[in-house]
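Enquirer: Quick one: the structure is below, questions incoming.
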Amino acid sequence: MKTDYESMWDFDVVVPSDMPDINRVHPMVQSSADALYRAFKKDENIRLFAIFGSGVDIACSLRSDLDVYIETADTDKRVELPYDELKVEIDLLRDLRHDSVLYERIASTALVVFER
């Protein structure tokens, strides 16, 4: 999966973060994106972490959730979310077939936060 930075917004960064390209995440959801980044970086089972939808778009609003896509090495293993740090609801999709329409839609618009 690859990010098309030219088509993405460049937002103000409102939270201190080590997350690459956090400026591509809407300020309303940056703190939750950062919390996921820190948790997912520690989880060696997560091979890809991407954000898509309104969280990487100017259309983000007070009612927006954070749309997240991950791929894992072991698809049966549970993924722990840092619920106590999340300020918005998370819509988590994982391990889609790469030939699915949904995967292709996500891949065309997503911010790839990391891929191992």
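In the structure tokens, each chain is lettered A, B, ... as it comes, each chain's residues begin at 1, and ligands are numbered from 1 in order of appearance.
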Please return as a list in words: the residues of stretch 60-89 of chain A that backbone DSSP assigns to strand (DSSP E).
Expert: Leu66, Asp67, Val68, Tyr69, Ile70, Glu71 and Thr72 of chain A
Enquirer: Only N, CA, C and O atoms, please: the residues just picked out, written as a PDB file, in the first residue's frame.
Expert:
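again36.pdb was written with the following content:
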```
ATOM      1  N   LEU A  66     -12.534   7.543  13.566  1.00  0.00           N
ATOM      2  CA  LEU A  66     -11.228   7.374  12.944  1.00  0.00           C
ATOM      3  C   LEU A  66     -11.222   6.023  12.254  1.00  0.00           C
ATOM      4  O   LEU A  66     -11.349   4.982  12.902  1.00  0.00           O
ATOM      5  N   ASP A  67     -11.132   6.047  10.926  1.00  0.00           N
ATOM      6  CA  ASP A  67     -11.139   4.823  10.127  1.00  0.00           C
ATOM      7  C   ASP A  67      -9.712   4.305  10.017  1.00  0.00           C
ATOM      8  O   ASP A  67      -8.815   5.006   9.534  1.00  0.00           O
ATOM      9  N   VAL A  68      -9.522   3.063  10.460  1.00  0.00           N
ATOM     10  CA  VAL A  68      -8.196   2.468  10.550  1.00  0.00           C
ATOM     11  C   VAL A  68      -8.203   1.118   9.841  1.00  0.00           C
ATOM     12  O   VAL A  68      -9.148   0.343   9.969  1.00  0.00           O
ATOM     13  N   TYR A  69      -7.119   0.869   9.112  1.00  0.00           N
ATOM     14  CA  TYR A  69      -6.929  -0.432   8.469  1.00  0.00           C
ATOM     15  C   TYR A  69      -5.594  -0.988   8.941  1.00  0.00           C
ATOM     16  O   TYR A  69      -4.582  -0.279   8.952  1.00  0.00           O
ATOM     17  N   ILE A  70      -5.598  -2.264   9.336  1.00  0.00           N
ATOM     18  CA  ILE A  70      -4.351  -2.937   9.711  1.00  0.00           C
ATOM     19  C   ILE A  70      -4.263  -4.292   9.009  1.00  0.00           C
ATOM     20  O   ILE A  70      -5.278  -4.882   8.651  1.00  0.00           O
ATOM     21  N   GLU A  71      -3.032  -4.732   8.842  1.00  0.00           N
ATOM     22  CA  GLU A  71      -2.766  -6.098   8.402  1.00  0.00           C
ATOM     23  C   GLU A  71      -1.873  -6.735   9.449  1.00  0.00           C
ATOM     24  O   GLU A  71      -0.976  -6.080   9.989  1.00  0.00           O
ATOM     25  N   THR A  72      -2.148  -8.007   9.723  1.00  0.00           N
ATOM     26  CA  THR A  72      -1.425  -8.705  10.773  1.00  0.00           C
ATOM     27  C   THR A  72      -0.745  -9.953  10.236  1.00  0.00           C
ATOM     28  O   THR A  72      -1.165 -10.524   9.220  1.00  0.00           O
TER      29      THR A  72
END
```
Enquirer: Hey, what's within 10 Å of A:Asp57 if we count only C-alpha atoms and toss same-chain stuff fewer than 4 positions away? As a list in words, please?
Expert: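 Near neighbours after the sequence-gap exclusion: Ser7, Met8, Trp9, Asp10, Phe11, Arg24, Val25, His26, Phe52, Gly53, Ser61 and Thr109 of chain A.
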Enquirer: Hey, can you spit out that residue selection with all heavy atoms as a compact mmCIF listing (two decimals), in the first residue's frame?
Expert:
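And here's again_25.txt as it stands now:
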```txt
# COMPACT_ATOMS: atom_id res chain seq x y z
N SER A 7 -2.22 14.33 -2.93
CA SER A 7 -3.67 14.51 -2.84
C SER A 7 -4.15 14.66 -1.40
O SER A 7 -5.35 14.78 -1.17
CB SER A 7 -4.38 13.32 -3.51
OG SER A 7 -4.18 12.15 -2.74
N MET A 8 -3.23 14.68 -0.45
CA MET A 8 -3.62 14.75 0.97
C MET A 8 -3.48 16.17 1.52
O MET A 8 -2.68 16.96 1.03
CB MET A 8 -2.76 13.80 1.80
CG MET A 8 -2.91 12.35 1.38
SD MET A 8 -2.18 11.23 2.56
CE MET A 8 -3.55 11.10 3.69
N TRP A 9 -4.25 16.44 2.55
CA TRP A 9 -4.20 17.72 3.24
C TRP A 9 -2.95 17.79 4.12
O TRP A 9 -2.46 16.77 4.57
CB TRP A 9 -5.44 17.90 4.10
CG TRP A 9 -6.67 18.04 3.29
CD1 TRP A 9 -7.48 17.04 2.83
CD2 TRP A 9 -7.23 19.25 2.78
NE1 TRP A 9 -8.50 17.54 2.08
CE2 TRP A 9 -8.38 18.91 2.03
CE3 TRP A 9 -6.88 20.59 2.89
CZ2 TRP A 9 -9.16 19.86 1.40
CZ3 TRP A 9 -7.67 21.54 2.26
CH2 TRP A 9 -8.79 21.17 1.53
N ASP A 10 -2.50 19.00 4.37
CA ASP A 10 -1.39 19.26 5.28
C ASP A 10 -1.96 20.09 6.43
O ASP A 10 -2.14 21.29 6.30
CB ASP A 10 -0.27 20.00 4.56
CG ASP A 10 0.96 20.18 5.42
OD1 ASP A 10 1.02 19.62 6.53
OD2 ASP A 10 1.87 20.90 4.99
N PHE A 11 -2.26 19.43 7.55
CA PHE A 11 -2.91 20.08 8.68
C PHE A 11 -1.88 20.59 9.70
O PHE A 11 -0.74 20.15 9.71
CB PHE A 11 -3.83 19.08 9.40
CG PHE A 11 -4.95 18.56 8.56
CD1 PHE A 11 -4.92 17.27 8.05
CD2 PHE A 11 -6.05 19.35 8.28
CE1 PHE A 11 -5.97 16.78 7.28
CE2 PHE A 11 -7.10 18.88 7.52
CZ PHE A 11 -7.06 17.58 7.02
N ARG A 24 -0.74 14.92 8.27
CA ARG A 24 -1.71 14.47 7.28
C ARG A 24 -3.01 14.01 7.92
O ARG A 24 -3.97 13.67 7.24
CB ARG A 24 -1.13 13.34 6.42
CG ARG A 24 0.15 13.70 5.70
CD ARG A 24 -0.06 14.81 4.72
NE ARG A 24 1.19 15.10 4.02
CZ ARG A 24 1.31 15.99 3.06
NH1 ARG A 24 0.28 16.69 2.68
NH2 ARG A 24 2.47 16.20 2.49
N VAL A 25 -3.04 13.98 9.27
CA VAL A 25 -4.22 13.55 10.02
C VAL A 25 -4.92 14.81 10.55
O VAL A 25 -4.26 15.72 11.08
CB VAL A 25 -3.83 12.63 11.19
CG1 VAL A 25 -5.04 12.23 12.00
CG2 VAL A 25 -3.09 11.40 10.66
N HIS A 26 -6.24 14.85 10.42
CA HIS A 26 -7.00 16.02 10.86
C HIS A 26 -6.76 16.26 12.35
O HIS A 26 -6.72 15.32 13.14
CB HIS A 26 -8.49 15.79 10.60
CG HIS A 26 -9.27 17.06 10.68
ND1 HIS A 26 -9.62 17.62 11.89
CD2 HIS A 26 -9.76 17.87 9.72
CE1 HIS A 26 -10.31 18.72 11.67
NE2 HIS A 26 -10.40 18.90 10.36
N PHE A 52 -7.63 6.08 6.95
CA PHE A 52 -8.34 6.51 5.75
C PHE A 52 -9.62 7.22 6.17
O PHE A 52 -9.92 7.36 7.36
CB PHE A 52 -8.62 5.32 4.82
CG PHE A 52 -9.57 4.30 5.40
CD1 PHE A 52 -10.90 4.29 5.03
CD2 PHE A 52 -9.13 3.34 6.30
CE1 PHE A 52 -11.79 3.35 5.56
CE2 PHE A 52 -10.00 2.39 6.83
CZ PHE A 52 -11.33 2.40 6.45
N GLY A 53 -10.38 7.68 5.22
CA GLY A 53 -11.67 8.32 5.52
C GLY A 53 -11.51 9.77 5.95
O GLY A 53 -10.52 10.44 5.66
N SER A 61 -15.25 16.02 11.18
CA SER A 61 -16.11 16.86 12.01
C SER A 61 -16.18 16.30 13.42
O SER A 61 -15.60 15.26 13.72
CB SER A 61 -17.51 16.94 11.41
OG SER A 61 -18.19 15.71 11.61
N THR A 109 -6.75 5.88 -0.99
CA THR A 109 -6.93 7.12 -0.23
C THR A 109 -6.23 7.14 1.11
O THR A 109 -6.26 8.15 1.80
CB THR A 109 -8.44 7.38 0.01
OG1 THR A 109 -8.97 6.33 0.80
CG2 THR A 109 -9.20 7.51 -1.29
```
Enquirer: Would you compute the distance between atom CA of A:Arg47 and atom CA of A:Asp74? Give it in Å to one decimal.
Expert: 9.7 Å
Enquirer: Could you pull out the helix (DSSP H, G or I) residues of chain A, going by DSSP on the backbone, and write them as an MDAnalysis selection string?
Expert: chainID A and resid 5:7 22:24 27:42 53:56 83:85 101:109
Enquirer: Restrict the selected residues to N, CA and C atoms and save them as a compact mmCIF listing (two decimals), in the first residue's frame.
Expert:
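Wrote it out as selection-v2.txt, contents follow:
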```
# COMPACT_ATOMS: atom_id res chain seq x y z
N TYR A 5 0.77 11.46 -1.26
CA TYR A 5 0.83 12.67 -0.44
C TYR A 5 0.35 13.91 -1.18
N GLU A 6 0.48 13.94 -2.49
CA GLU A 6 0.06 15.11 -3.25
C GLU A 6 -1.43 15.37 -3.15
N SER A 7 -2.22 14.33 -2.93
CA SER A 7 -3.67 14.51 -2.84
C SER A 7 -4.15 14.66 -1.40
N ILE A 22 2.03 12.93 10.85
CA ILE A 22 0.83 13.24 11.63
C ILE A 22 0.16 14.51 11.10
N ASN A 23 0.91 15.33 10.39
CA ASN A 23 0.34 16.52 9.77
C ASN A 23 -0.67 16.17 8.68
N ARG A 24 -0.74 14.92 8.27
CA ARG A 24 -1.71 14.47 7.28
C ARG A 24 -3.01 14.01 7.92
N PRO A 27 -6.59 17.53 12.75
CA PRO A 27 -6.32 17.84 14.16
C PRO A 27 -7.34 17.28 15.15
N MET A 28 -8.59 17.12 14.75
CA MET A 28 -9.62 16.61 15.66
C MET A 28 -9.38 15.16 16.06
N VAL A 29 -8.61 14.42 15.28
CA VAL A 29 -8.37 13.00 15.58
C VAL A 29 -6.90 12.67 15.76
N GLN A 30 -6.04 13.68 15.77
CA GLN A 30 -4.60 13.43 15.90
C GLN A 30 -4.23 12.72 17.18
N SER A 31 -4.84 13.08 18.30
CA SER A 31 -4.44 12.44 19.56
C SER A 31 -4.79 10.95 19.56
N SER A 32 -5.92 10.60 18.98
CA SER A 32 -6.30 9.18 18.89
C SER A 32 -5.40 8.44 17.91
N ALA A 33 -5.07 9.09 16.80
CA ALA A 33 -4.16 8.48 15.83
C ALA A 33 -2.80 8.22 16.47
N ASP A 34 -2.32 9.17 17.26
CA ASP A 34 -1.04 9.01 17.94
C ASP A 34 -1.10 7.87 18.95
N ALA A 35 -2.19 7.75 19.70
CA ALA A 35 -2.34 6.65 20.67
C ALA A 35 -2.31 5.30 19.97
N LEU A 36 -2.98 5.20 18.83
CA LEU A 36 -2.96 3.95 18.07
C LEU A 36 -1.56 3.67 17.54
N TYR A 37 -0.91 4.69 17.03
CA TYR A 37 0.45 4.52 16.52
C TYR A 37 1.38 3.94 17.59
N ARG A 38 1.36 4.52 18.78
CA ARG A 38 2.23 4.05 19.86
C ARG A 38 1.91 2.61 20.24
N ALA A 39 0.63 2.27 20.30
CA ALA A 39 0.23 0.90 20.65
C ALA A 39 0.59 -0.09 19.55
N PHE A 40 0.32 0.29 18.31
CA PHE A 40 0.55 -0.62 17.19
C PHE A 40 2.03 -0.83 16.92
N LYS A 41 2.87 0.19 17.16
CA LYS A 41 4.31 0.02 16.96
C LYS A 41 4.88 -1.05 17.90
N LYS A 42 4.30 -1.18 19.08
CA LYS A 42 4.76 -2.17 20.05
C LYS A 42 4.28 -3.57 19.71
N GLY A 53 -10.38 7.68 5.22
CA GLY A 53 -11.67 8.32 5.52
C GLY A 53 -11.51 9.77 5.95
N SER A 54 -12.49 10.25 6.71
CA SER A 54 -12.53 11.67 7.07
C SER A 54 -11.37 12.09 7.97
N GLY A 55 -10.74 11.16 8.66
CA GLY A 55 -9.61 11.49 9.52
C GLY A 55 -8.41 12.03 8.77
N VAL A 56 -8.34 11.81 7.47
CA VAL A 56 -7.26 12.35 6.65
C VAL A 56 -7.82 13.29 5.58
N TYR A 83 -7.87 1.86 24.60
CA TYR A 83 -9.18 2.51 24.80
C TYR A 83 -9.11 3.72 25.72
N ASP A 84 -8.30 3.67 26.77
CA ASP A 84 -8.25 4.78 27.72
C ASP A 84 -7.65 6.06 27.13
N GLU A 85 -7.00 5.94 25.97
CA GLU A 85 -6.40 7.11 25.33
C GLU A 85 -7.17 7.59 24.10
N VAL A 101 -12.83 -4.91 -3.49
CA VAL A 101 -13.15 -3.52 -3.83
C VAL A 101 -12.88 -2.60 -2.64
N LEU A 102 -13.22 -3.04 -1.45
CA LEU A 102 -13.00 -2.22 -0.26
C LEU A 102 -11.51 -1.97 -0.04
N TYR A 103 -10.69 -2.99 -0.18
CA TYR A 103 -9.24 -2.81 -0.01
C TYR A 103 -8.72 -1.81 -1.04
N GLU A 104 -9.13 -1.95 -2.28
CA GLU A 104 -8.67 -1.05 -3.33
C GLU A 104 -9.07 0.38 -3.04
N ARG A 105 -10.27 0.58 -2.50
CA ARG A 105 -10.75 1.93 -2.15
C ARG A 105 -9.89 2.49 -1.02
N ILE A 106 -9.64 1.69 0.00
CA ILE A 106 -8.81 2.14 1.12
C ILE A 106 -7.40 2.46 0.63
N ALA A 107 -6.82 1.57 -0.15
CA ALA A 107 -5.45 1.73 -0.63
C ALA A 107 -5.29 3.00 -1.46
N SER A 108 -6.34 3.42 -2.15
CA SER A 108 -6.24 4.60 -3.02
C SER A 108 -6.32 5.92 -2.24
N THR A 109 -6.75 5.88 -0.99
CA THR A 109 -6.93 7.12 -0.23
C THR A 109 -6.23 7.14 1.11
```
Enquirer: Interatomic distance between atom CA of A:Glu80 and atom CA of A:Leu93?
Expert: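 Separation between atom CA of A:Glu80 and atom CA of A:Leu93: 13.5 Å.
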Enquirer: Quick one: pull the distance between atom CA of A:Glu44 and atom CA of A:Ala73, Å, one decimal.
Expert: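 Result for atom CA of A:Glu44 versus atom CA of A:Ala73: 8.4 Å, one decimal.
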Enquirer: Hey, which of A:Asp43, A:Glu89, A:Asp4, A:Asp18 ends up closest to A:Leu111? Count only C-alpha atoms.
Expert: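 Ranked by minimum distance to A:Leu111, first place goes to A:Asp4.
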